[in-house]
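To start, the structure itself, in structure tokens.
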Amino acid sequence: MKILYKIFLLCFCVIQANGQNNYTQILKGSIIDKDVKYPLIGATVKVYREQQLIAGGKSNEFGEYKIDSLPLQRYTIVCTYVGYSERTIENVELNSGKETQLNIELSTSSTKMKAVVVQNKKGSINNEMANISARNFNPEAASRYVASRDDIARMATNFAGVRGSDDSRNDIVIRGNSPNGVLWRVEGLDISNPNHFASFGTTGGPVNIINNKLLGNSDFMTGAFPADYGNGISGVFDLKLRNGNKDKHEFTAQIGILGLEATAEGPIHRKSGASYTFSYRYATLAIMNKFGINFGADGNPSYQDVNFKLNFPIKKIGNFSLFGIGGKSDISIYDNGDDSSKWTYGRAGRDIHFGSRLGVVGAAMQQNIGKIFYHKLTLGTNLSKSYSRYDTVGNDNISRGATYRNQFIVNKLMLNYIATARITHQQTVKAGFTLTGMDLNLVDSNYYPDQQIWYNEAEFRDQTSMVQAFAAWQFKPNESLKINAGIHYLRFILNQSQSIEPRAGISWNVHPKLQLNAGYGLHSNLQPYYIYFLQQPDGSGNNYQPNLQTGLSKSHHFIIGGDYTLNPTMHIKVETYYQHLFNLPQEVKGSAYSSLNQGASFNFTFPDPLNNKGKGYNAGVDITLEKFFSKYFYYLITTSIYTSKYKSSDNVWRNTDFNGAYNLNVLAGKEFTLGKAKTTRLVGGFKFNLSGGKWYTPIDSALSAQKKQYEGIDAETNTLQFAPYHRLDIRVGFKVNRKRYHHQFSLDLINVYNQKNTLGLSYIPKTGEVVKESNLGFLPLFNWLVVF
């Protein structure tokens, strides 16, 4: 901690010189129709500071606006256009070193010839068809919340109905569902797990590959999502990569305990408006070790990633873009013979070698035809790979015995097409399809020492595909009422399983302060690929795959809610929901196995032959009290009270692994302006989380000894519960503006009172003991960002 304090003090002293108070910045962007994306010419943009009009402007023939010489402050932006609902955007921050780009999409009003005031201070959802359990976020949100680590998945755990699975990973549990039900979409393409150290068949990991600094405004949904989305049963990240500054080259450099990072953006061709964005990050835990911070394991994880987008406007034709994300991560964790209770990650009694790779590259062409039609075609490829190697440590702490090997490779080729047409100023229709081809190479092998053989638990080298299509309709009879309806179709060619899924939603502005919403959706998703290809020997000694015909998991979502505006900067939102899960994989023999309990660890479960007769339910209420960032202060209080149960082939209703019963988040942040120049601001904030403890199963000692890992008593699955989880995180930092550059320094103190929250139980093969593994203890994380 002493060295971190010295770094903080040094950074502050170096850049805290006498500043001037006349620094200004440019606010610019585009204004387009939200549905069919054509530019709005002559739209009005007004800039307010504490309800006082500071400046204004209008969009040109390309729908672009630019307002120069704005003092460095936070502003409220109001955009109006005849025939469209007014859009209000709060908390737009201008800093030196980087021009602020604010692209605005306006929704048509149900009345043709007048501008209608329907203020949306809570953020407009990109997908107009999402009217409940949806939230828009921007890059600043992923950085603002304490302990989010610039990770959008960790950021989402602050929202009502969402919690993390443990400190070591960013898996998100939405309303009691398995993290496997989360869909990740980037620029219209549904991608594989976008995290470093991604375990095959999961959607989370320790660190997200997607750089939040390259994101534009994006959507996060937690239930009853629109017909656009399929192969997801609990939630959706619909992410947009922003375009670079088409007029000026800009850069950022960031250093922190978790790695080194650089980003760049600027024009490719100024006359045409072509631009680029690019980021690169490299990290190794060796950097942490230099500061005396140890994760409790002998091993240095290393990872690196790259994100980019190239944008090429083509006049009178449309817009063409190239984009990509990629990441590489590896770790070796060795059992060094220390006290097993010191372990945080990995498996005491084993050496573990683990890594993953991800590459996504896509090209998109979009075009609007007049003022009534828009379409977009996206072609992309998604390459993903993960591998694991486990070696059991001998009693001498020197010898190693081979135990387990796997390698999972999935290469996908994707084609997505979407079209939107405005029938009248009150009605819009949208439709599209996605074709996904998959090349699978899956091998999962265990070593059986008694027989001295390796046996492939899962093996598949072949190709398959998936087809999805949807159609949706929106009707706005007046300014207070909005109705959405749609249908989604999914077909998995491997075993011809399919699902036809109706979706519906309604939003009613009862009066200017109160909005009521309701939504319904039938949703489904595939199983983790390795489940289909698990194999067993038949009576003749030949291998067969009993789970090849396993169908889709399905869920009916029912949600109703209300959102009440307490004052211009504060609101309270309440949503209650019920989810009926059915068609769930369960073992044919009587057991407690359910797919609902998978998806939040680095380990695999290898079930016996399955059928689709399992069922479950999630029910609860989510409450949000939020003060938006204004007057340099914000807070967010979210709470969820819920239950999550399932019944499998042993016909017993049980708690799912994720039935925490309650979750509470309390966050707040404040900025303090220093000096007459007002170019320096101190930043402070905190987050407190309290949630129900994890469920676990008593150990089956004989089976654990046989398999050399922790195995529970099946009949007593999830009958015991760990103590409640609680943690306090604190942030201190500062922001400094200079004429040509901008500094941000933050120090996040994770788990400040060093609470030893239980992560799980591990079995030590060489001693037969069971040890309790803990989540992270106290962990200081610093970041220093320079924008120029």
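So you can find residues: chains in the structure tokens are A, B, ... in the order shown, residues in each start at 1, and ligands are numbered from 1 in order.
Residues in contact range of stretch 210-212 of chain A, defined as at most 9 Å between only C-alpha atoms, with sequence neighbours fewer than 2 positions away removed, read Asn138, Pro139, Glu140, Ala142, Ser143, Asp150, Asp151, Ile152, Pro194, Asn195, Asn208, Leu214, Leu215, Gly216, Ser279, Tyr280, Arg281, Asp305, Val306, Asn307, Ile325, Gly326 and Gly327 of chain A.
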Grab the residues selected above and save them as a tab-separated table (two decimals), in the first residue's frame with N, CA, C and O atoms.
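Once written, again-v1.tsv looks like this:
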```tsv
chain	number	residue	atom	x	y	z
A	138	ASN	N	-23.09	3.84	-21.61
A	138	ASN	CA	-22.01	4.36	-22.44
A	138	ASN	C	-20.67	4.04	-21.79
A	138	ASN	O	-20.62	3.53	-20.66
A	139	PRO	N	-19.57	4.32	-22.46
A	139	PRO	CA	-18.26	3.96	-21.90
A	139	PRO	C	-18.00	4.56	-20.52
A	139	PRO	O	-17.35	3.94	-19.68
A	140	GLU	N	-18.50	5.77	-20.27
A	140	GLU	CA	-18.24	6.40	-18.99
A	140	GLU	C	-18.85	5.60	-17.84
A	140	GLU	O	-18.26	5.50	-16.76
A	142	ALA	N	-19.12	2.39	-17.53
A	142	ALA	CA	-18.28	1.25	-17.19
A	142	ALA	C	-17.07	1.68	-16.38
A	142	ALA	O	-16.46	0.86	-15.69
A	143	SER	N	-16.70	2.96	-16.46
A	143	SER	CA	-15.57	3.48	-15.69
A	143	SER	C	-15.99	4.16	-14.40
A	143	SER	O	-15.24	4.21	-13.43
A	150	ASP	N	-13.34	-1.08	-15.56
A	150	ASP	CA	-13.55	-0.82	-16.99
A	150	ASP	C	-14.13	-2.02	-17.71
A	150	ASP	O	-13.92	-2.20	-18.91
A	151	ASP	N	-14.86	-2.86	-16.99
A	151	ASP	CA	-15.41	-4.11	-17.52
A	151	ASP	C	-16.93	-3.98	-17.56
A	151	ASP	O	-17.57	-3.80	-16.52
A	152	ILE	N	-17.52	-4.08	-18.75
A	152	ILE	CA	-18.96	-3.86	-18.86
A	152	ILE	C	-19.77	-4.96	-18.17
A	152	ILE	O	-20.89	-4.72	-17.73
A	194	PRO	N	-16.67	-13.39	-24.88
A	194	PRO	CA	-15.66	-12.37	-25.19
A	194	PRO	C	-14.78	-12.02	-23.98
A	194	PRO	O	-14.55	-10.84	-23.68
A	195	ASN	N	-14.29	-13.04	-23.29
A	195	ASN	CA	-13.49	-12.81	-22.09
A	195	ASN	C	-12.17	-13.56	-22.17
A	195	ASN	O	-12.06	-14.61	-22.81
A	208	ASN	N	-12.73	-8.91	-19.36
A	208	ASN	CA	-13.41	-8.80	-20.65
A	208	ASN	C	-12.45	-8.31	-21.72
A	208	ASN	O	-11.61	-7.44	-21.48
A	214	LEU	N	-13.86	2.01	-26.67
A	214	LEU	CA	-14.23	1.99	-28.08
A	214	LEU	C	-15.73	1.77	-28.27
A	214	LEU	O	-16.21	1.70	-29.41
A	215	LEU	N	-16.47	1.64	-27.18
A	215	LEU	CA	-17.90	1.40	-27.29
A	215	LEU	C	-18.67	2.70	-27.50
A	215	LEU	O	-18.33	3.75	-26.94
A	216	GLY	N	-19.71	2.63	-28.30
A	216	GLY	CA	-20.70	3.68	-28.34
A	216	GLY	C	-21.82	3.34	-27.37
A	216	GLY	O	-21.72	2.39	-26.58
A	279	SER	N	-7.45	-0.06	-30.31
A	279	SER	CA	-6.92	-0.18	-28.94
A	279	SER	C	-6.10	-1.46	-28.82
A	279	SER	O	-6.36	-2.46	-29.50
A	280	TYR	N	-5.10	-1.39	-27.96
A	280	TYR	CA	-4.28	-2.57	-27.65
A	280	TYR	C	-4.00	-2.57	-26.16
A	280	TYR	O	-3.72	-1.52	-25.56
A	281	ARG	N	-4.06	-3.76	-25.56
A	281	ARG	CA	-3.79	-3.90	-24.14
A	281	ARG	C	-2.92	-5.12	-23.90
A	281	ARG	O	-3.11	-6.17	-24.51
A	305	ASP	N	-5.06	-8.00	-25.84
A	305	ASP	CA	-6.22	-7.92	-26.72
A	305	ASP	C	-6.14	-6.70	-27.61
A	305	ASP	O	-5.39	-5.75	-27.34
A	306	VAL	N	-6.91	-6.74	-28.68
A	306	VAL	CA	-6.98	-5.65	-29.63
A	306	VAL	C	-8.43	-5.46	-30.05
A	306	VAL	O	-9.19	-6.43	-30.16
A	307	ASN	N	-8.85	-4.20	-30.23
A	307	ASN	CA	-10.18	-3.84	-30.73
A	307	ASN	C	-9.99	-2.79	-31.82
A	307	ASN	O	-9.12	-1.92	-31.70
A	325	ILE	N	-12.45	-7.69	-32.83
A	325	ILE	CA	-11.91	-7.81	-31.47
A	325	ILE	C	-11.14	-9.12	-31.41
A	325	ILE	O	-11.46	-10.09	-32.10
A	326	GLY	N	-10.10	-9.15	-30.62
A	326	GLY	CA	-9.32	-10.37	-30.48
A	326	GLY	C	-8.60	-10.39	-29.16
A	326	GLY	O	-8.23	-9.34	-28.60
A	327	GLY	N	-8.39	-11.59	-28.61
A	327	GLY	CA	-7.71	-11.71	-27.33
A	327	GLY	C	-6.99	-13.03	-27.19
A	327	GLY	O	-7.39	-14.05	-27.77
```
Please, which residues in stretch 413-452 of chain A fall within 8 Å of stretch 27-44 of chain A when counting only C-alpha atoms, and what is the closest atom pair and distance in Å to one decimal for each, ordered by chain then residue number, as a tab-separated table?
```
residue	atom	partner	partner_atom	distance
A:Thr420	CA	A:Val36	CA	6.3
A:Ala421	CA	A:Val36	CA	7.0
A:Arg422	CA	A:Val36	CA	7.5
A:Thr428	CA	A:Asp35	CA	7.9
```
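The shell of residues at most 9 Å from A:Cys79, with only C-alpha atoms counted and near chain neighbours (fewer than 4 positions) removed, consists of A:Ile31, A:Ala43, A:Thr44, A:Val45, A:Lys46, A:Ser85, A:Glu86, A:Arg87, A:Thr88, A:Ile89, A:Ile104, A:Leu106.
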What does the file look like for those residues with N, CA and C atoms, as an mmCIF file, in the first residue's frame?
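Written output follows (part.cif):
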```
data_model
loop_
_atom_site.group_PDB
_atom_site.id
_atom_site.type_symbol
_atom_site.label_atom_id
_atom_site.label_comp_id
_atom_site.auth_asym_id
_atom_site.auth_seq_id
_atom_site.Cartn_x
_atom_site.Cartn_y
_atom_site.Cartn_z
ATOM 1 N N ILE A 31 -27.142 13.736 -36.099
ATOM 2 C CA ILE A 31 -28.521 13.555 -35.654
ATOM 3 C C ILE A 31 -29.263 12.805 -36.747
ATOM 4 N N ALA A 43 -32.043 19.975 -37.497
ATOM 5 C CA ALA A 43 -32.400 19.685 -36.104
ATOM 6 C C ALA A 43 -31.678 20.663 -35.180
ATOM 7 N N THR A 44 -32.317 21.023 -34.100
ATOM 8 C CA THR A 44 -31.776 22.010 -33.169
ATOM 9 C C THR A 44 -31.110 21.317 -31.977
ATOM 10 N N VAL A 45 -29.903 21.777 -31.645
ATOM 11 C CA VAL A 45 -29.172 21.284 -30.481
ATOM 12 C C VAL A 45 -28.929 22.457 -29.533
ATOM 13 N N LYS A 46 -29.362 22.302 -28.283
ATOM 14 C CA LYS A 46 -29.150 23.345 -27.275
ATOM 15 C C LYS A 46 -28.335 22.770 -26.113
ATOM 16 N N SER A 85 -39.945 13.284 -31.241
ATOM 17 C CA SER A 85 -39.946 13.511 -29.804
ATOM 18 C C SER A 85 -38.633 14.166 -29.380
ATOM 19 N N GLU A 86 -38.751 15.118 -28.498
ATOM 20 C CA GLU A 86 -37.559 15.795 -27.976
ATOM 21 C C GLU A 86 -36.680 14.819 -27.214
ATOM 22 N N ARG A 87 -35.379 14.977 -27.349
ATOM 23 C CA ARG A 87 -34.418 14.108 -26.651
ATOM 24 C C ARG A 87 -33.555 14.958 -25.726
ATOM 25 N N THR A 88 -33.517 14.591 -24.455
ATOM 26 C CA THR A 88 -32.682 15.264 -23.466
ATOM 27 C C THR A 88 -31.607 14.300 -22.984
ATOM 28 N N ILE A 89 -30.363 14.746 -23.036
ATOM 29 C CA ILE A 89 -29.233 13.909 -22.642
ATOM 30 C C ILE A 89 -28.485 14.622 -21.522
ATOM 31 N N ILE A 104 -26.830 11.517 -31.920
ATOM 32 C CA ILE A 104 -28.180 11.525 -31.364
ATOM 33 C C ILE A 104 -29.148 10.891 -32.354
ATOM 34 N N LEU A 106 -33.246 10.319 -32.954
ATOM 35 C CA LEU A 106 -34.566 10.797 -32.535
ATOM 36 C C LEU A 106 -35.659 9.849 -33.011
#
```
Go through stretch 147-198 of chain A and flag each residue having an atom no more than 7 Å from stretch 224-246 of chain A; for those, report the closest pair of atoms plus their distance in Å to one decimal, using only C-alpha atoms, ordered by chain and rising number, as a Markdown table.
```
| residue | atom | partner | partner_atom | distance |
| --- | --- | --- | --- | --- |
| A:Ile174 | CA | A:Ser234 | CA | 6.1 |
| A:Asn177 | CA | A:Ser234 | CA | 6.1 |
| A:Gly181 | CA | A:Ile233 | CA | 4.6 |
| A:Val182 | CA | A:Gly235 | CA | 4.8 |
| A:Leu183 | CA | A:Val236 | CA | 4.7 |
| A:Trp184 | CA | A:Phe237 | CA | 5.0 |
| A:Arg185 | CA | A:Asp238 | CA | 4.9 |
| A:Val186 | CA | A:Leu239 | CA | 4.8 |
| A:Glu187 | CA | A:Lys240 | CA | 5.3 |
```
| Quick one: residues within 10 Å of stretch 262-275 of chain A, only C-alpha atoms counted, chain neighbours fewer than 3 positions away excluded, as a ChimeraX atom specification? | /A:211,213-214,243-255,278-282,306-315,319-321,785-788
| field | Which of A:Tyr725, A:Trp695, A:Tyr48, A:Phe745 sits closest to A:Asn655 [using only C-alpha atoms] | value |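 So, comparing all the options, the nearest one is A:Trp695.
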Could you give me, as JSON lines, every stretch 368-460 of chain A residue with an atom at most 12 Å from stretch 538-560 of chain A, plus its closest atom pair and distance in Å to one decimal, counting only C-alpha atoms, rows ordered by chain then number?
```
{"residue": "A:Tyr455", "atom": "CA", "partner": "A:Asn543", "partner_atom": "CA", "distance": 10.5}
{"residue": "A:Asn456", "atom": "CA", "partner": "A:Asn543", "partner_atom": "CA", "distance": 9.6}
{"residue": "A:Glu457", "atom": "CA", "partner": "A:Gln545", "partner_atom": "CA", "distance": 9.8}
{"residue": "A:Ala458", "atom": "CA", "partner": "A:Gln545", "partner_atom": "CA", "distance": 8.5}
{"residue": "A:Glu459", "atom": "CA", "partner": "A:Gln545", "partner_atom": "CA", "distance": 9.1}
{"residue": "A:Phe460", "atom": "CA", "partner": "A:Gln545", "partner_atom": "CA", "distance": 9.8}
```
